[in-house]
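What follows is the content of work-v3.csv (CSV, C-alpha atoms).
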```
chain,number,residue,atom,x,y,z
A,745,MET,CA,85.8,113.3,84.5
A,746,GLU,CA,86.6,110.1,86.2
A,747,ILE,CA,84.0,108.3,84.1
A,748,VAL,CA,85.5,109.7,80.9
A,749,TRP,CA,89.0,108.5,81.9
A,750,PHE,CA,87.7,105.1,83.0
A,751,ALA,CA,86.0,104.7,79.6
A,752,THR,CA,89.3,105.7,78.0
A,753,PHE,CA,91.1,103.1,80.0
A,754,ALA,CA,88.5,100.4,79.0
A,755,VAL,CA,88.8,101.3,75.3
A,756,LEU,CA,92.6,101.1,75.4
A,757,LEU,CA,92.5,97.8,77.2
A,758,ALA,CA,90.0,96.3,74.7
A,759,GLY,CA,92.0,97.8,71.8
A,760,TYR,CA,95.3,96.2,73.1
A,761,PHE,CA,93.9,92.7,73.3
A,762,ALA,CA,91.9,93.0,70.1
A,763,LEU,CA,94.9,94.2,68.1
A,764,GLU,CA,98.1,93.1,69.8
A,765,GLY,CA,96.2,89.8,70.6
A,766,PHE,CA,96.6,88.5,67.1
A,767,ASP,CA,100.4,89.2,67.1
A,768,ILE,CA,100.7,87.3,70.4
A,769,GLY,CA,98.6,84.5,69.2
A,770,LEU,CA,100.4,84.1,65.9
A,771,GLY,CA,103.7,84.1,67.7
A,772,VAL,CA,102.5,81.2,69.9
A,773,LEU,CA,101.5,79.3,66.7
A,774,LEU,CA,104.7,80.1,64.9
A,775,PRO,CA,106.2,76.5,65.1
A,776,VAL,CA,102.8,75.0,64.4
A,777,LEU,CA,101.8,77.0,61.3
A,778,GLY,CA,105.4,77.6,60.2
A,779,ARG,CA,106.9,74.1,59.5
A,780,SER,CA,109.6,75.5,57.3
A,781,PRO,CA,111.8,78.6,57.5
A,782,ALA,CA,110.0,80.1,54.5
A,783,ASP,CA,106.6,79.5,56.2
A,784,ARG,CA,107.8,81.2,59.4
A,785,ASP,CA,109.2,84.2,57.4
A,786,ARG,CA,105.8,84.5,55.8
A,787,LEU,CA,103.9,84.4,59.1
A,788,VAL,CA,106.3,86.9,60.8
A,789,GLY,CA,106.1,89.2,57.7
A,790,ALA,CA,102.3,89.1,58.0
A,791,MET,CA,102.2,90.3,61.7
A,792,ALA,CA,105.4,92.2,62.3
A,793,PRO,CA,104.4,95.5,60.6
A,794,PHE,CA,101.5,95.8,63.1
A,795,VAL,CA,103.5,95.0,66.3
A,796,LEU,CA,104.9,98.5,67.1
A,797,ALA,CA,101.6,100.2,66.4
A,798,ASN,CA,99.7,97.7,68.5
A,799,GLU,CA,102.1,98.1,71.4
A,800,VAL,CA,101.3,101.8,71.6
A,801,TRP,CA,97.9,100.8,73.0
A,802,LEU,CA,99.7,99.2,76.0
A,803,ILE,CA,101.9,102.3,76.6
A,804,ALA,CA,98.9,104.6,76.4
A,805,LEU,CA,97.0,102.2,78.8
A,806,ALA,CA,99.8,102.3,81.4
A,807,GLY,CA,99.9,106.1,81.1
A,808,VAL,CA,96.1,106.4,81.7
A,809,LEU,CA,96.2,103.9,84.6
A,810,PHE,CA,99.0,105.7,86.5
A,811,GLY,CA,98.1,109.2,85.5
A,812,ALA,CA,94.3,109.1,86.0
A,813,PHE,CA,94.2,106.5,88.8
A,814,PRO,CA,97.5,107.0,90.7
A,815,ALA,CA,96.2,105.4,93.9
A,816,LEU,CA,96.2,102.0,92.1
A,817,GLU,CA,99.9,102.1,91.2
A,818,GLY,CA,101.0,100.7,94.5
A,819,PRO,CA,98.5,97.9,94.8
A,820,VAL,CA,98.9,96.9,91.2
A,821,LEU,CA,102.7,96.8,91.1
A,822,SER,CA,103.0,95.2,94.6
A,823,GLY,CA,100.2,92.7,94.2
A,824,LEU,CA,101.0,91.7,90.7
A,825,TYR,CA,104.8,92.1,90.8
A,826,PRO,CA,105.7,88.5,89.7
A,827,LEU,CA,103.2,88.7,86.8
A,828,VAL,CA,104.3,92.1,85.8
A,829,ALA,CA,107.9,90.9,85.7
A,830,VAL,CA,106.8,87.9,83.6
A,831,VAL,CA,104.9,90.1,81.1
A,832,LEU,CA,107.8,92.6,80.8
A,833,LEU,CA,110.4,89.8,80.3
A,834,ALA,CA,108.2,88.0,77.7
A,835,TRP,CA,107.6,91.3,75.9
A,836,ILE,CA,111.4,91.9,75.6
A,837,VAL,CA,112.1,88.3,74.5
A,838,ARG,CA,109.3,88.4,71.8
A,839,ASP,CA,110.4,91.7,70.4
A,840,ALA,CA,114.1,90.7,70.4
A,841,GLY,CA,113.1,87.6,68.5
A,842,LEU,CA,111.3,89.7,65.9
A,843,TRP,CA,114.2,92.2,65.5
A,844,PHE,CA,117.1,89.8,65.5
A,845,ARG,CA,115.8,86.8,63.5
A,846,ARG,CA,116.9,88.3,60.2
A,847,ARG,CA,120.0,90.2,61.4
A,848,ALA,CA,122.4,87.4,60.5
A,849,GLY,CA,122.4,84.4,58.2
A,850,GLY,CA,122.2,80.8,59.2
A,851,ALA,CA,119.4,78.4,59.9
A,852,ARG,CA,120.4,77.9,63.5
A,853,TRP,CA,120.4,81.7,64.2
A,854,ARG,CA,117.0,82.0,62.7
A,855,LEU,CA,115.7,79.0,64.6
A,856,VAL,CA,116.9,80.4,67.9
A,857,TRP,CA,115.1,83.7,67.4
A,858,ASP,CA,112.0,82.1,66.1
A,859,GLY,CA,111.9,80.2,69.3
A,860,ALA,CA,112.2,83.4,71.2
A,861,VAL,CA,109.2,84.8,69.3
A,862,CYS,CA,107.2,81.8,70.3
A,863,ALA,CA,108.3,81.6,73.9
A,864,GLY,CA,107.9,85.4,74.4
A,865,SER,CA,104.4,85.3,72.9
A,866,ALA,CA,103.4,82.4,75.1
A,867,GLY,CA,104.8,84.2,78.1
A,868,LEU,CA,102.8,87.3,77.2
A,869,ALA,CA,99.5,85.3,76.8
A,870,LEU,CA,100.0,83.3,80.0
A,871,GLY,CA,101.1,86.4,82.0
A,872,TRP,CA,98.2,88.6,80.8
A,873,GLY,CA,95.7,85.8,81.4
A,874,ALA,CA,97.0,85.4,85.0
A,875,VAL,CA,96.9,89.2,85.5
A,876,LEU,CA,93.3,89.4,84.4
A,877,THR,CA,92.4,86.5,86.6
A,878,ALA,CA,94.1,88.1,89.6
A,879,VAL,CA,92.3,91.4,89.0
A,880,ALA,CA,89.0,89.6,88.7
A,881,ARG,CA,89.7,87.9,92.0
A,882,GLY,CA,90.5,91.1,93.8
A,883,LEU,CA,94.3,90.8,93.7
A,884,PRO,CA,94.9,87.7,95.8
A,885,ALA,CA,98.0,87.3,97.9
A,886,SER,CA,99.4,84.6,95.5
A,887,PRO,CA,98.4,85.3,91.9
A,888,LEU,CA,100.6,82.5,90.6
A,889,ASP,CA,98.4,79.7,91.7
A,890,PRO,CA,96.5,77.0,89.8
A,891,LEU,CA,93.5,79.3,89.1
A,892,GLY,CA,95.8,82.0,87.7
A,893,LEU,CA,97.6,79.5,85.6
A,894,ALA,CA,94.2,78.3,84.3
A,895,GLY,CA,93.3,81.8,83.3
A,896,GLY,CA,96.6,82.2,81.5
A,897,VAL,CA,96.1,79.0,79.5
A,898,ALA,CA,92.6,80.0,78.6
A,899,LEU,CA,93.8,83.4,77.3
A,900,LEU,CA,96.6,81.7,75.4
A,901,ALA,CA,94.1,79.5,73.7
A,902,LEU,CA,91.9,82.4,72.9
A,903,LEU,CA,94.7,84.5,71.4
A,904,ALA,CA,96.0,81.6,69.5
A,905,TRP,CA,92.6,81.3,67.8
A,906,HIS,CA,92.7,85.0,67.1
A,907,GLY,CA,96.2,84.8,65.6
A,908,ARG,CA,95.1,81.9,63.4
A,909,THR,CA,92.1,83.9,62.2
A,910,PHE,CA,94.4,86.8,61.4
A,911,ALA,CA,96.7,84.6,59.4
A,912,ALA,CA,93.8,83.2,57.4
A,913,TRP,CA,92.6,86.7,56.6
A,914,ARG,CA,96.1,88.2,55.9
A,915,LEU,CA,97.6,85.3,54.0
A,916,ASP,CA,94.8,83.1,52.7
A,917,GLY,CA,92.2,85.8,51.8
A,918,ALA,CA,89.6,84.8,54.4
A,919,ARG,CA,86.7,87.3,55.0
A,920,GLY,CA,87.4,90.1,57.3
A,921,GLY,CA,84.3,89.5,59.3
A,922,SER,CA,85.8,86.5,61.0
A,923,LEU,CA,88.8,88.6,62.1
A,924,LEU,CA,86.4,91.2,63.6
A,925,LEU,CA,84.6,88.4,65.5
A,926,SER,CA,87.9,86.9,66.9
A,927,ALA,CA,89.1,90.5,67.8
A,928,CYS,CA,85.9,91.0,69.8
A,929,ALA,CA,86.3,87.7,71.6
A,930,ALA,CA,89.9,88.5,72.4
A,931,ALA,CA,88.9,91.8,74.0
A,932,LEU,CA,85.9,90.4,75.9
A,933,PRO,CA,87.7,89.0,79.0
A,934,ALA,CA,89.6,92.3,79.5
A,935,VAL,CA,86.4,94.3,79.1
A,936,LEU,CA,84.6,92.1,81.6
A,937,VAL,CA,87.4,92.4,84.1
A,938,ALA,CA,87.6,96.2,83.7
A,939,ALA,CA,83.8,96.4,84.2
A,940,GLY,CA,84.1,94.4,87.4
A,941,ALA,CA,86.9,96.7,88.7
A,942,ALA,CA,85.0,99.9,87.7
A,943,GLY,CA,83.8,100.7,91.2
A,944,ARG,CA,87.3,100.6,92.8
A,945,MET,CA,88.9,102.4,89.9
A,946,LEU,CA,86.4,105.3,90.0
A,947,GLY,CA,86.9,105.6,93.7
A,948,ASP,CA,90.6,105.8,93.3
A,949,ALA,CA,90.6,108.3,90.5
A,950,ALA,CA,92.8,111.5,90.7
A,951,PRO,CA,91.1,114.8,91.6
A,952,ASP,CA,89.1,116.5,88.9
A,953,GLN,CA,91.7,119.2,88.5
A,954,THR,CA,94.4,116.6,87.8
A,955,LEU,CA,92.2,114.8,85.3
A,956,THR,CA,91.5,118.1,83.5
A,957,VAL,CA,95.1,118.9,83.2
A,958,LEU,CA,95.8,115.4,82.0
A,959,GLY,CA,93.2,115.8,79.4
A,960,VAL,CA,94.7,119.0,78.1
A,961,MET,CA,98.1,117.2,77.8
A,962,VAL,CA,96.8,114.0,76.1
A,963,VAL,CA,94.0,115.1,73.8
A,964,PRO,CA,96.2,117.0,71.3
A,965,PHE,CA,98.1,113.7,70.6
A,966,VAL,CA,95.1,111.6,70.0
A,967,PRO,CA,94.7,112.5,66.3
A,968,PHE,CA,98.4,111.5,65.7
A,969,LEU,CA,97.9,108.1,67.4
A,970,VAL,CA,94.7,107.4,65.5
A,971,GLY,CA,96.3,108.6,62.2
A,972,ALA,CA,99.3,106.3,62.8
A,973,GLN,CA,97.0,103.3,63.3
A,974,VAL,CA,95.0,104.1,60.2
A,975,TRP,CA,98.2,104.5,58.1
A,976,VAL,CA,99.6,101.1,59.3
A,977,TRP,CA,96.5,99.2,58.5
A,978,ARG,CA,96.0,100.9,55.1
A,979,THR,CA,99.6,100.3,54.2
A,980,PHE,CA,100.2,96.7,55.4
A,981,SER,CA,96.8,95.0,55.5
A,982,LYS,CA,97.0,93.9,51.9
A,983,GLY,CA,99.7,93.5,49.3
A,984,ALA,CA,103.2,92.1,49.5
A,985,LEU,CA,104.6,91.0,52.8
A,986,PRO,CA,107.6,93.1,54.2
A,987,THR,CA,110.9,91.3,54.6
A,988,PHE,CA,112.6,93.5,57.2
A,989,PHE,CA,111.6,91.2,60.1
```
Can the structure from this file be put into structure tokens for me?
Amino acid sequence: MEIVWFATFAVLLAGYFALEGFDIGLGVLLPVLGRSPADRDRLVGAMAPFVLANEVWLIALAGVLFGAFPALEGPVLSGLYPLVAVVLLAWIVRDAGLWFRRRAGGARWRLVWDGAVCAGSAGLALGWGAVLTAVARGLPASPLDPLGLAGGVALLALLAWHGRTFAAWRLDGARGGSLLLSACAAALPAVLVAAGAAGRMLGDAAPDQTLTVLGVMVVPFVPFLVGAQVWVWRTFSKGALPTFF
């Protein structure tokens, strides 16, 4: 059972970076690709409908990690506490920017929240890159060091490319194959880190009885999660851009 749950964890981790990765990357590029308010509206309208559906992957990932591998909760939260705080704060800032940017008129109001989207997205990319680097290094005592920062910058660049590829597909009619390749590239570092941590995770898995009960609780909801993802992509992948963000 622990192998099944580790495989589930790896799939969710890869799915998060492959899907939420383009939202994060496009947010980072918002001031670069969106030189005017209308351009930024167009970019946000392209990615915003996918944000909530993509964030479900992270919520499910956290549930699997702390439900199936509870012994890792302490080391992860204590060893990565500064980075976890950065990721959570950046997540809040990015989402606040998406929700508030059109809640009032005025160019200054919109500019402030567009800046929040960009800053929050950059914080997410840098934070996650440092997290993956720290896990790959075996949770060092100081994860916020030059090597962790380098990992954050590398992931930021990778997700920015993924976001640019998504924008070309969503807005400019580029072929979907390029988006699939960039999604695979965005997920690859996380998959490699998970593979490197497989031994420790399998050794810290919950007892088989707990994993079985967890499966009974989780499996019935899987079709709903998959169905929601399919609906979002079928509804928003083509056609007019929404204006509610």
Closest pair table for segment 867-905 of chain A residues within 9 Å of segment 831-843 of chain A, all atoms listed in the file, as a Markdown table:
```
| residue | atom | partner | partner_atom | distance |
| --- | --- | --- | --- | --- |
| A:Gly867 | CA | A:Ala834 | CA | 5.1 |
| A:Leu868 | CA | A:Val831 | CA | 5.2 |
| A:Ala869 | CA | A:Val831 | CA | 8.4 |
| A:Leu870 | CA | A:Val831 | CA | 8.5 |
| A:Gly871 | CA | A:Val831 | CA | 5.4 |
| A:Trp872 | CA | A:Val831 | CA | 6.9 |
```
Using all atoms listed in the file, find each residue of segment 769-866 of chain A with at least one atom at most 12 Å away from an atom of segment 930-943 of chain A; report its shortest atom-to-atom pair and that distance in Å (one decimal), sort the rows by chain and rising residue number, and return the result as JSON lines.
```
{"residue": "A:Gly769", "atom": "CA", "partner": "A:Ala930", "partner_atom": "CA", "distance": 10.1}
{"residue": "A:Leu809", "atom": "CA", "partner": "A:Ala938", "partner_atom": "CA", "distance": 11.6}
{"residue": "A:Phe813", "atom": "CA", "partner": "A:Ala942", "partner_atom": "CA", "distance": 11.4}
{"residue": "A:Leu816", "atom": "CA", "partner": "A:Ala941", "partner_atom": "CA", "distance": 11.2}
```
Write the residues you've just listed into a file as a PDB file, in the frame of the given file, and include C-alpha atoms for each of them.
```
ATOM      1  CA  GLY A 769      98.600  84.500  69.200  1.00  0.00           C
ATOM      2  CA  LEU A 809      96.200 103.900  84.600  1.00  0.00           C
ATOM      3  CA  PHE A 813      94.200 106.500  88.800  1.00  0.00           C
ATOM      4  CA  LEU A 816      96.200 102.000  92.100  1.00  0.00           C
TER       5      LEU A 816
END
```
Legend entry - Of the listed residues A:Ala758, A:Phe965, A:Ala815, A:Val748, that which approaches Gly947 of chain A most closely, counting all atoms listed in the file: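 Smallest separation from Gly947 of chain A among the options: A:Ala815.
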Inset, instruction - Extract, using only C-alpha atoms, all DNA, RNA and protein residues at most 7 Å from Ala950 of chain A, discarding same-chain residues fewer than 2 positions from it, and format them as a PyMOL selection string. - result: chain A and resi 812-814+948+952+954-955
Inset, instruction - Can you work out the spacing between atom CA of Cys862 of chain A and atom CA of Phe910 of chain A in Å, to one decimal? - result: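 Going from atom CA of Cys862 of chain A over to atom CA of Phe910 of chain A covers 16.4 Å.
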Legend entry - Residue neighbourhood Ser981 of chain A, 10 Å, all atoms listed in the file, exclusion window fewer than 2 positions, as a list in words: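 My reading of the contact set: Ala790, Met791, Pro793, Phe794, Trp913, Arg914, Leu915, Trp975, Val976, Trp977, Arg978, Thr979, Gly983, Ala984 and Leu985 of chain A.
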Legend entry - Interatomic distance, atom CA of Leu855 of chain A to atom CA of Leu787 of chain A (Å, one decimal):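 These atoms are spaced 14.1 Å apart.
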Inset, instruction - May I ask which of the residues A:Glu746, A:Asp783, A:Glu764, A:Glu817 is the closest one to Gly907 of chain A, counting only C-alpha atoms? - result: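 Closest to Gly907 of chain A, using only C-alpha atoms: A:Glu764.
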Kindly assemble as JSON lines a list of the segment 782-864 of chain A residues that lie within 8 Å of segment 875-879 of chain A, each paired with its nearest atom pair and their distance in Å to one decimal, using only C-alpha atoms, sorted first by chain and then by ascending residue number.
```
{"residue": "A:Leu824", "atom": "CA", "partner": "A:Val875", "partner_atom": "CA", "distance": 7.1}
{"residue": "A:Leu827", "atom": "CA", "partner": "A:Val875", "partner_atom": "CA", "distance": 6.5}
{"residue": "A:Val828", "atom": "CA", "partner": "A:Val875", "partner_atom": "CA", "distance": 8.0}
```
